[in-house]
Amino acid sequence: VQLQASGGGLVRAGGSLRLSCAASGRTFSSYATGWFRQAPGKDREFVARIRWSSGSTSYADSVKGRFTISRDNAKNTVFLQMNNLKPEDTAQYYCAGGPYGISWDYWGQGTQVTVSS
């Protein structure tokens, strides 16, 4: 499985961005796709995930109500809609995939999100 993340950029606080994560190769309905982020000098942290089979989602408390994860099964693509962005959302964002609830086995390259105040 290969994952390709895109959609990052520079935006002002309060603005929006939509990240995409396109999966290619063999994919499994039992898998989940998640978004993680890492800011300079900080540990990587979980942002959101979606289960391919059911579409169930979960979010980090810091992004609940502002970010929405969704999927397009036909295109094997997962989206992260980020609204009301804050400077503390600035980070390199990574998408990952793996068997739901077990592990994150596949990682895409990061896409940079920078939010100016």
# chains A, B, ... in the order shown; residues from 1 in each chain; ligands from 1

$ residues_around --residues "region 17-34 of chain A" --least-positions-apart "6" --cutoff "7 Å" --atoms "only C-alpha atoms" --output "ChimeraX atom specification"
/A:1-8,48-53,76-83,95-100

$ atom_distance --atom1 "CA of Thr111 (chain A)" --atom2 "CA of Gly55 (chain A)"
23.5 Å

$ select_by_dssp --residues "chain A" --states "strand (DSSP E or B)" --output "JSON, numbers by chain"
{"A": [2, 3, 4, 5, 6, 9, 10, 11, 12, 17, 18, 19, 20, 21, 22, 23, 24, 31, 32, 33, 34, 35, 36, 37, 38, 45, 46, 47, 48, 49, 50, 51, 57, 58, 59, 67, 68, 69, 70, 71, 72, 77, 78, 79, 80, 81, 82, 91, 92, 93, 94, 95, 96, 97, 98, 99, 106, 107, 111, 112, 113, 114, 115, 116]}

$ closest_residue --among "A:Ala74, A:Ile102, A:Leu10, A:Ala91" --to "Val47 (chain A)" --atoms "only C-alpha atoms"
A:Ala91

$ select_by_dssp --residues "chain A" --states "helix (DSSP H, G or I)" --output "ChimeraX atom specification"
/A:73-75,87-89

$ write_last_selection --atoms "N, CA and C atoms" --output "mmCIF file, in the first residue's frame"
data_model
loop_
_atom_site.group_PDB
_atom_site.id
_atom_site.type_symbol
_atom_site.label_atom_id
_atom_site.label_comp_id
_atom_site.auth_asym_id
_atom_site.auth_seq_id
_atom_site.Cartn_x
_atom_site.Cartn_y
_atom_site.Cartn_z
ATOM 1 N N ASN A 73 -14.583 5.997 -1.206
ATOM 2 C CA ASN A 73 -14.176 4.609 -1.429
ATOM 3 C C ASN A 73 -13.795 4.355 -2.886
ATOM 4 N N ALA A 74 -14.528 4.950 -3.789
ATOM 5 C CA ALA A 74 -14.272 4.704 -5.211
ATOM 6 C C ALA A 74 -12.894 5.184 -5.626
ATOM 7 N N LYS A 75 -12.414 6.230 -4.965
ATOM 8 C CA LYS A 75 -11.106 6.796 -5.314
ATOM 9 C C LYS A 75 -10.021 6.397 -4.327
ATOM 10 N N PRO A 87 -2.932 28.833 14.941
ATOM 11 C CA PRO A 87 -1.466 28.730 14.803
ATOM 12 C C PRO A 87 -0.915 27.430 15.393
ATOM 13 N N GLU A 88 -1.538 26.921 16.437
ATOM 14 C CA GLU A 88 -1.049 25.684 17.043
ATOM 15 C C GLU A 88 -1.332 24.443 16.196
ATOM 16 N N ASP A 89 -2.061 24.603 15.101
ATOM 17 C CA ASP A 89 -2.254 23.505 14.160
ATOM 18 C C ASP A 89 -1.080 23.377 13.185
#

$ atom_distance --atom1 "CA of Val11 (chain A)" --atom2 "CA of Val113 (chain A)"
7.9 Å

$ closest_residue --among "A:Gln92, A:Ser62, A:Gly9, A:Lys86" --to "Gly41 (chain A)" --atoms "only C-alpha atoms"
A:Gln92
